[in-house]
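Engineer: This is the structure I have questions about; it appears just below.
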Amino acid sequence: MGDSDPQLLVSTDWLEKHLNAPDVRILDASWYLPADNRDPRAEYDEAHIPGARFFDIDEIADLNSPLPHMAPPVEKFISRMRAMGIGDGHRVIVYDSAGLFSAARVWWLFRLFGKTDCAVLDGGLPKWRAEGRPLEDMAPVMRDRHFTARRNAGLVRDVSQVAAHAKLGDAQIVDARSPARFRGEEVEARPGLRSGHIPGSRNVYYNDLLNPNGTMRDVDALRAAFEGAGVDLSKPVVNTCGSGVTASILALALERLGHRQHAVYDGSWSEWGMYPDLKVETG
């Protein structure tokens, strides 16, 4: 595919050439599971792609929700982006230090708030580092910019909507978690959660959409992964996972396939697995 999809994925080559472009804004959206014992903010302070701002998924979130990093209210998103110097007319490039993981969640958040000029760095910081490209430890100078946002409710689902989809079958529910977690063979990391999956959902493990170097696989391989899991790509899809992060990788893959009717179940298994009155399937 050469230089990657210019709308959704950009290559490390492309980004290095555009590091100083006045209309480009770079975000480090690194995030880890608690078990990883890594501090993405401290790692950002030590070394990041020149000019990158740090996007804290756990803070730019709805802190009134008991669920982890739920999408923030639109006013909060606007105020955080303005303070970070991200404005209308900017092209936003998001990366993470895993390769392609949490960056997809931030790409989805921008789309949720109506900003479609946002792309993910294919292969992220590991590929950038491996290629010996420049890094810095200084925080960029940020000036307030005007940022317009409008929430696109079609891109997100809540628990009652997902329960209705599961019952009516009017949208396919696709789970990005590992096959062992999907089948309920592995204990969930978050305490108090049941094991298993939403009844009738399909399993497309997010890792199967990635190459060993953390870049996203080509569109033919993406299509084969969804179709191999029994997903009909002509019908609506609701993506789910553990807490709404890897579901966004599925959203990015579907968008690359030209599939436009997809949403993320924001609460994901952190919510569904918590409520004893919601049915769970295993196996």
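By convention here, the chains of the structure tokens are called A, B, ... in the order presented, each chain's residues are numbered starting at 1, and ligands are numbered starting at 1 in the order presented.
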If you count only C-alpha atoms, which residues fall within 8 Å of Val120 (chain A), apart from same-chain ones fewer than 3 positions away, as a PyMOL selection string?
Structural biologist: chain A and resi 8-10+93-95+103-104+107+124
Engineer: Produce a file of the selected residues containing C-alpha atoms, as a PDB file, in the first residue's frame.
Structural biologist:
```
ATOM      1  CA  LEU A   8      -6.651   6.856   8.433  1.00  0.00           C
ATOM      2  CA  LEU A   9      -3.062   5.646   8.749  1.00  0.00           C
ATOM      3  CA  VAL A  10       0.160   7.524   8.066  1.00  0.00           C
ATOM      4  CA  ILE A  93      -1.774  12.337  14.056  1.00  0.00           C
ATOM      5  CA  VAL A  94      -2.022   9.979  17.033  1.00  0.00           C
ATOM      6  CA  TYR A  95       0.540   7.386  18.090  1.00  0.00           C
ATOM      7  CA  ALA A 103      -3.917   5.449  19.563  1.00  0.00           C
ATOM      8  CA  ALA A 104      -6.968   3.955  17.841  1.00  0.00           C
ATOM      9  CA  TRP A 107      -8.664   8.454  16.773  1.00  0.00           C
ATOM     10  CA  GLY A 124       3.646   3.873  16.414  1.00  0.00           C
TER      11      GLY A 124
END
```
Engineer: Give me, as CSV, the closest atom pair and its distance (Å, one decimal) for every residue of region 153-250 of chain A within a cut-off of 12 Å of region 50-71 of chain A, counting only C-alpha atoms, rows sorted by chain and rising number.
Structural biologist:
```
residue,atom,partner,partner_atom,distance
A:Ala153,CA,A:Ala71,CA,11.3
A:Leu155,CA,A:Ala71,CA,11.3
A:Val156,CA,A:Ala71,CA,9.2
A:Arg157,CA,A:Ala71,CA,11.1
A:Asp158,CA,A:Met70,CA,10.6
A:Arg190,CA,A:Pro68,CA,10.4
A:Gly242,CA,A:Pro68,CA,9.9
A:Ser243,CA,A:Pro68,CA,6.7
A:Gly244,CA,A:Met70,CA,7.9
A:Val245,CA,A:His69,CA,9.0
```
Engineer: Write the residues you've just listed into a file as a PDB file, in the first residue's frame, and include all heavy atoms for each of them.
Structural biologist:
```
ATOM      1  N   ALA A 153     -23.532  10.941  17.899  1.00  0.00           N
ATOM      2  CA  ALA A 153     -24.081   9.871  18.743  1.00  0.00           C
ATOM      3  C   ALA A 153     -24.138   8.526  18.029  1.00  0.00           C
ATOM      4  O   ALA A 153     -24.179   7.470  18.678  1.00  0.00           O
ATOM      5  CB  ALA A 153     -25.477  10.266  19.230  1.00  0.00           C
ATOM      6  N   LEU A 155     -21.850   6.969  16.621  1.00  0.00           N
ATOM      7  CA  LEU A 155     -20.602   6.205  16.724  1.00  0.00           C
ATOM      8  C   LEU A 155     -20.431   5.496  18.057  1.00  0.00           C
ATOM      9  O   LEU A 155     -19.430   4.803  18.261  1.00  0.00           O
ATOM     10  CB  LEU A 155     -19.395   7.136  16.499  1.00  0.00           C
ATOM     11  CG  LEU A 155     -19.232   7.697  15.084  1.00  0.00           C
ATOM     12  CD1 LEU A 155     -17.992   8.576  15.005  1.00  0.00           C
ATOM     13  CD2 LEU A 155     -19.134   6.565  14.054  1.00  0.00           C
ATOM     14  N   VAL A 156     -21.374   5.683  18.983  1.00  0.00           N
ATOM     15  CA  VAL A 156     -21.212   5.107  20.322  1.00  0.00           C
ATOM     16  C   VAL A 156     -22.510   4.426  20.747  1.00  0.00           C
ATOM     17  O   VAL A 156     -23.603   4.824  20.314  1.00  0.00           O
ATOM     18  CB  VAL A 156     -20.785   6.209  21.328  1.00  0.00           C
ATOM     19  CG1 VAL A 156     -21.856   7.244  21.553  1.00  0.00           C
ATOM     20  CG2 VAL A 156     -20.297   5.608  22.645  1.00  0.00           C
ATOM     21  N   ARG A 157     -22.381   3.379  21.561  1.00  0.00           N
ATOM     22  CA  ARG A 157     -23.550   2.685  22.097  1.00  0.00           C
ATOM     23  C   ARG A 157     -23.423   2.551  23.613  1.00  0.00           C
ATOM     24  O   ARG A 157     -22.300   2.375  24.126  1.00  0.00           O
ATOM     25  CB  ARG A 157     -23.677   1.269  21.506  1.00  0.00           C
ATOM     26  CG  ARG A 157     -23.961   1.229  20.026  1.00  0.00           C
ATOM     27  CD  ARG A 157     -25.391   1.640  19.694  1.00  0.00           C
ATOM     28  NE  ARG A 157     -25.667   1.499  18.273  1.00  0.00           N
ATOM     29  CZ  ARG A 157     -25.343   2.403  17.352  1.00  0.00           C
ATOM     30  NH1 ARG A 157     -24.735   3.526  17.693  1.00  0.00           N
ATOM     31  NH2 ARG A 157     -25.628   2.192  16.082  1.00  0.00           N
ATOM     32  N   ASP A 158     -24.588   2.605  24.295  1.00  0.00           N
ATOM     33  CA  ASP A 158     -24.582   2.358  25.738  1.00  0.00           C
ATOM     34  C   ASP A 158     -25.140   0.966  26.005  1.00  0.00           C
ATOM     35  O   ASP A 158     -25.537   0.242  25.081  1.00  0.00           O
ATOM     36  CB  ASP A 158     -25.357   3.450  26.494  1.00  0.00           C
ATOM     37  CG  ASP A 158     -26.839   3.481  26.147  1.00  0.00           C
ATOM     38  OD1 ASP A 158     -27.382   2.457  25.684  1.00  0.00           O
ATOM     39  OD2 ASP A 158     -27.474   4.532  26.350  1.00  0.00           O
ATOM     40  N   ARG A 190     -10.166  -7.100  35.775  1.00  0.00           N
ATOM     41  CA  ARG A 190     -10.903  -6.212  36.685  1.00  0.00           C
ATOM     42  C   ARG A 190     -11.706  -7.030  37.681  1.00  0.00           C
ATOM     43  O   ARG A 190     -12.476  -7.913  37.303  1.00  0.00           O
ATOM     44  CB  ARG A 190     -11.856  -5.297  35.890  1.00  0.00           C
ATOM     45  CG  ARG A 190     -11.167  -4.095  35.261  1.00  0.00           C
ATOM     46  CD  ARG A 190     -12.135  -3.336  34.377  1.00  0.00           C
ATOM     47  NE  ARG A 190     -13.152  -2.632  35.137  1.00  0.00           N
ATOM     48  CZ  ARG A 190     -12.966  -1.455  35.736  1.00  0.00           C
ATOM     49  NH1 ARG A 190     -11.791  -0.870  35.670  1.00  0.00           N
ATOM     50  NH2 ARG A 190     -13.941  -0.874  36.383  1.00  0.00           N
ATOM     51  N   GLY A 242     -12.613  -4.963  26.341  1.00  0.00           N
ATOM     52  CA  GLY A 242     -12.577  -4.919  27.799  1.00  0.00           C
ATOM     53  C   GLY A 242     -13.058  -3.592  28.353  1.00  0.00           C
ATOM     54  O   GLY A 242     -13.886  -3.537  29.250  1.00  0.00           O
ATOM     55  N   SER A 243     -12.539  -2.486  27.777  1.00  0.00           N
ATOM     56  CA  SER A 243     -12.929  -1.157  28.277  1.00  0.00           C
ATOM     57  C   SER A 243     -12.992  -0.098  27.193  1.00  0.00           C
ATOM     58  O   SER A 243     -12.838   1.080  27.464  1.00  0.00           O
ATOM     59  CB  SER A 243     -11.954  -0.717  29.383  1.00  0.00           C
ATOM     60  OG  SER A 243     -10.650  -0.526  28.844  1.00  0.00           O
ATOM     61  N   GLY A 244     -13.196  -0.515  25.944  1.00  0.00           N
ATOM     62  CA  GLY A 244     -13.389   0.452  24.863  1.00  0.00           C
ATOM     63  C   GLY A 244     -12.130   0.875  24.141  1.00  0.00           C
ATOM     64  O   GLY A 244     -12.182   1.731  23.262  1.00  0.00           O
ATOM     65  N   VAL A 245     -10.975   0.285  24.487  1.00  0.00           N
ATOM     66  CA  VAL A 245      -9.725   0.655  23.824  1.00  0.00           C
ATOM     67  C   VAL A 245      -9.503  -0.182  22.569  1.00  0.00           C
ATOM     68  O   VAL A 245      -9.449   0.345  21.454  1.00  0.00           O
ATOM     69  CB  VAL A 245      -8.516   0.557  24.782  1.00  0.00           C
ATOM     70  CG1 VAL A 245      -7.195   0.778  24.039  1.00  0.00           C
ATOM     71  CG2 VAL A 245      -8.650   1.596  25.900  1.00  0.00           C
TER      72      VAL A 245
END
```
Engineer: Need the shell around Asp144 (chain A): protein/DNA/RNA residues with any atom at most 10 Å away, counting only C-alpha atoms. Skip same-chain ones fewer than 3 positions apart. Format as a short mmCIF file (atom, residue, chain, number, x, y, z; two decimals) with N, CA, C and O atoms, in the first residue's frame?
Structural biologist:
```cif
data_model
loop_
_atom_site.label_atom_id
_atom_site.label_comp_id
_atom_site.auth_asym_id
_atom_site.auth_seq_id
_atom_site.Cartn_x
_atom_site.Cartn_y
_atom_site.Cartn_z
N SER A 79 -12.41 21.89 25.75
CA SER A 79 -11.51 22.70 26.58
C SER A 79 -10.12 22.07 26.64
O SER A 79 -9.11 22.79 26.61
N ARG A 80 -10.03 20.74 26.70
CA ARG A 80 -8.71 20.08 26.73
C ARG A 80 -7.98 20.26 25.40
O ARG A 80 -6.78 20.50 25.38
N MET A 81 -8.69 20.14 24.29
CA MET A 81 -8.04 20.29 22.99
C MET A 81 -7.56 21.73 22.79
O MET A 81 -6.45 21.96 22.31
N ARG A 82 -8.38 22.69 23.17
CA ARG A 82 -7.97 24.09 23.05
C ARG A 82 -6.69 24.35 23.83
O ARG A 82 -5.75 24.97 23.34
N ALA A 83 -6.66 23.86 25.07
CA ALA A 83 -5.49 24.07 25.93
C ALA A 83 -4.24 23.39 25.37
O ALA A 83 -3.12 23.83 25.60
N MET A 84 -4.45 22.31 24.61
CA MET A 84 -3.32 21.60 24.00
C MET A 84 -2.92 22.21 22.66
O MET A 84 -2.05 21.68 21.97
N GLY A 85 -3.59 23.31 22.28
CA GLY A 85 -3.22 23.98 21.04
C GLY A 85 -3.71 23.25 19.80
O GLY A 85 -3.14 23.40 18.72
N ILE A 86 -4.77 22.46 19.95
CA ILE A 86 -5.33 21.75 18.80
C ILE A 86 -6.60 22.48 18.38
O ILE A 86 -7.50 22.67 19.20
N GLY A 87 -6.64 22.89 17.12
CA GLY A 87 -7.76 23.70 16.68
C GLY A 87 -8.34 23.26 15.36
O GLY A 87 -7.90 22.28 14.75
N PHE A 147 -11.40 25.37 18.90
CA PHE A 147 -11.71 23.99 18.51
C PHE A 147 -13.22 23.79 18.54
O PHE A 147 -13.86 24.00 19.57
#
```
Engineer: List as a PyMOL selection string the protein and nucleic acid residues near Gly89 (chain A), meaning an atom at most 9 Å away when only C-alpha atoms are counted, but skip any in the same chain fewer than 4 places from it.
Structural biologist: chain A and resi 23-24+117+147
Engineer: Excluding region 197-203 of chain A and any residue of its chain fewer than 3 positions from it, enumerate the residues within 9 Å of it, using only C-alpha atoms, and give them as a ChimeraX atom specification.
Structural biologist: /A:162-163,166-167,169,172-179,181-184,226,229-231,269,272-273,278-283
Engineer: Considering only C-alpha atoms, state which residue in the set A:Trp14, A:Ser160, A:Ser102, A:Cys241 is at the smallest distance from Gly196 (chain A).
Structural biologist: A:Cys241
Engineer: DSSP says alpha helix (DSSP H) for which residues of region 31-224 of chain A? Put them as JSON, numbers by chain?
Structural biologist: {"A": [40, 41, 42, 43, 44, 45, 46, 74, 75, 76, 77, 78, 79, 80, 81, 82, 83, 103, 104, 105, 106, 107, 108, 109, 110, 111, 112, 124, 125, 126, 127, 128, 129, 130, 159, 160, 161, 162, 163, 164, 165, 166, 167, 168, 179, 180, 181, 182, 183, 219, 220, 221, 222, 223, 224]}
